[in-house]
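The next block holds one structure in the form of structure tokens; read it before the comments.
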Amino acid sequence: MSVKQFKVLLCDDSMLVRKQLKEIITDAGVEIVLEASNGKEALPLIKKHNPQIIFLDIVMPVMDGIETLKEIKKLHTQTKVVMITSSGTQTYLKTALEEGAYDFIQKPWKETQILSIIDRLKN
Amino acid sequence: MFSQYFGNYLLNKNLITTKELKDALEYQKSIHVKLGVLAINLGYMNSAQIQEVHQQQMKIDKRFGEIAIQLGYLNEHQLQNLLATQKQGYLQLSQALIDKKHLTLEQLQNELQNYKNDCQLTTEQLEIIKQGDIDKIVQLFLDFEDSISHKIYNDYVALMLKNAIRLLDETPRLEKTSSPDDYTAELLVCQKIHGEYNIYTAIATDKKTFLTIASKFAGEQFTVIDEMTIASVAEFLNVHNGVFLVNMSNQNIELQMEPHKFYQQAKIEKKEGPYIIPIYLMDCKFDLIISNTELP
């Protein structure tokens, strides 16, 4: 699948983070970038669009990233969930990986980390 | 860090102007010898290795030398050599002021002595400031009465100073805490940390400083307080708190944090604490607030 056909969902309560990630991802050639500011907003978008990748924050209002990850697991989709959070503690890391997260990136991220994930999933 | 303290002292005594201080600090940057540059000059490391260490520094609260040793790029002996070479760093503001002819050598010698006397610093305390050891500077300026959280609060403030350098590219200066009876923050971003300890954290600023922090963190120029600037300052606090949580997690203290909250004209009540810690940046000041009771 080419990057152009990718659908990526950004789920983070920070408008700044979504803007910065969107710039990196669209510059990489992804045309469809969806946005949600918490898990509750993200779930219907996942069901409707079935994105290839979700960049998912952990600390968010309404529905946090770990709870969202558990809900995504129930959907049995092929979506790869990349946790992207400032709080990369042992507990969060362990829980996220146990719940099926594909990768875990600690903020502040490096552009190449984001691009390498897209690159890995392209192949 | 000595430059910020001594520079501010000279400014308050009207021995130099704000413009001259900025000028000297800017010039100082050009003559500041960083550990990475020294390591390249001495042939210990290459530029890719330096970059990697800098990238790691953004995420984990460790010094350049510690990370470089951990990655196998430096050995202990080489690090000691680098540090010894770099130790003269505190002289750079003095050198810049003289090079720029803002002060004579004689004036400088006198004012260094006056600074020590006026600030009632012991030779040992002056040495701490000269060496710029952030952890020790925090202990020198702050006195957290709450003994249970004493060490954690010290670590928290020291990390904020380091993150102001790493994430805002600023050279911060810490002053003593204040606990006024009546405190109202024009703009306030709060985030609660909970778990083994409950810590309420906040950044309080005026509009100008808020825009400065937002612009520096996001890497773009903001001119109005809006959703994006609030998101930027909140994300700065969030990333800072995240690194703090990772540090604590590495000491087997598991903490979590909650989403941020934003307030305008927020009145902070003086119950047990809070600690209001003024942190000065180049052109502005923000208050770092830590408390064991809810803010605001």
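Ordering of the structure tokens sets the chain letters (A, B, ...); residue numbers start at 1 within each chain; ligands are numbered from 1 in the order shown.
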Quick one: pick out all strand (DSSP E or B) residues within chain A from a backbone DSSP run and write them as a PyMOL selection string. chain A and resi 7-11+32-36+53-56+80-85+103-106
Selection export as a PDB file, in the first residue's frame, atoms kept: C-alpha atoms:
```pdb
ATOM      1  CA  LYS A   7      -5.469   6.954   6.631  1.00  0.00           C
ATOM      2  CA  VAL A   8      -3.963   8.229   9.870  1.00  0.00           C
ATOM      3  CA  LEU A   9      -5.859   9.248  12.998  1.00  0.00           C
ATOM      4  CA  LEU A  10      -4.309  11.690  15.467  1.00  0.00           C
ATOM      5  CA  CYS A  11      -5.850  11.490  18.924  1.00  0.00           C
ATOM      6  CA  ILE A  32      -6.167  11.556   4.833  1.00  0.00           C
ATOM      7  CA  VAL A  33      -5.365  12.679   8.368  1.00  0.00           C
ATOM      8  CA  LEU A  34      -8.240  12.496  10.853  1.00  0.00           C
ATOM      9  CA  GLU A  35      -8.252  14.260  14.215  1.00  0.00           C
ATOM     10  CA  ALA A  36      -9.817  13.633  17.615  1.00  0.00           C
ATOM     11  CA  ILE A  53      -2.310   4.056  12.026  1.00  0.00           C
ATOM     12  CA  ILE A  54      -3.493   5.861  15.149  1.00  0.00           C
ATOM     13  CA  PHE A  55      -1.165   8.130  17.086  1.00  0.00           C
ATOM     14  CA  LEU A  56      -2.748   8.022  20.523  1.00  0.00           C
ATOM     15  CA  LYS A  80      -1.728  -0.125  14.459  1.00  0.00           C
ATOM     16  CA  VAL A  81      -1.866   2.010  17.567  1.00  0.00           C
ATOM     17  CA  VAL A  82       1.205   4.085  18.393  1.00  0.00           C
ATOM     18  CA  MET A  83       1.124   5.578  21.876  1.00  0.00           C
ATOM     19  CA  ILE A  84       2.646   9.062  21.841  1.00  0.00           C
ATOM     20  CA  THR A  85       2.871  10.540  25.276  1.00  0.00           C
ATOM     21  CA  ASP A 103       4.871   1.221  19.438  1.00  0.00           C
ATOM     22  CA  PHE A 104       5.448   3.768  22.182  1.00  0.00           C
ATOM     23  CA  ILE A 105       6.955   7.210  21.573  1.00  0.00           C
ATOM     24  CA  GLN A 106       7.823   9.626  24.329  1.00  0.00           C
TER      25      GLN A 106
END
```
Residues of chain B within 6 Å of chain A, using only C-alpha atoms, as a count of residues only? 7
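Checking A:Leu45, A:Lys70, A:Val3, A:Asp57 one by one against A:Asn123, counting only C-alpha atoms, you find the shortest gap at A:Val3.
Across B:Pro172, B:Ala158, B:Val243, B:Lys207, the tightest approach to B:Val224 is made by B:Lys207 when counting only C-alpha atoms.
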Helix (DSSP H, G or I) call set, DSSP backbone run, chain A, as a PyMOL selection string: chain A and resi 3-5+15-27+39-49+65-74+90-98+111-122
With only C-alpha atoms as the counted atoms, please give the residues lying no more than 12 Å from B:Leu71, apart from itself and same-chain residues fewer than 5 positions off, as a PyMOL selection string. chain B and resi 45+49-50+52-53+56+64-66
Those same residues, written as a PDB file, in the first residue's frame with C-alpha atoms?
```pdb
ATOM      1  CA  MET B  45      33.250  12.085  19.703  1.00  0.00           C
ATOM      2  CA  GLN B  49      27.230  10.960  18.366  1.00  0.00           C
ATOM      3  CA  ILE B  50      26.816  14.468  19.806  1.00  0.00           C
ATOM      4  CA  GLU B  52      22.309  11.482  19.485  1.00  0.00           C
ATOM      5  CA  VAL B  53      23.259  12.538  23.004  1.00  0.00           C
ATOM      6  CA  GLN B  56      18.442  11.689  24.407  1.00  0.00           C
ATOM      7  CA  PHE B  64      25.507  15.169  28.491  1.00  0.00           C
ATOM      8  CA  GLY B  65      28.444  13.295  30.042  1.00  0.00           C
ATOM      9  CA  GLU B  66      26.283  10.652  31.719  1.00  0.00           C
TER      10      GLU B  66
END
```
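Compared by their closest atoms to A:Leu75, and using only C-alpha atoms, the residues A:Leu97, A:Leu43, A:Met1, A:Ile114 rank with A:Leu43 nearest.
Across B:Ile290, B:Ile134, B:Ile165, B:Cys284, the tightest approach to B:Ile193 is made by B:Ile290 when counting only C-alpha atoms.
If only C-alpha atoms are the atoms counted, then among B:Lys136, B:His260, B:Lys267, B:Lys162 the closest residue to B:Thr184 is B:Lys267.
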Quick one: residues within 12 Å of B:Asn81, only C-alpha atoms, excluding same-chain residues fewer than 2 positions away - as a ChimeraX atom specification? /B:35,38-39,42,44,65,74-79,83-87
Which residue, B:Lys261, B:Lys151, B:Lys34, B:Lys29, has the smallest gap to B:Leu82 when you use only C-alpha atoms? B:Lys34
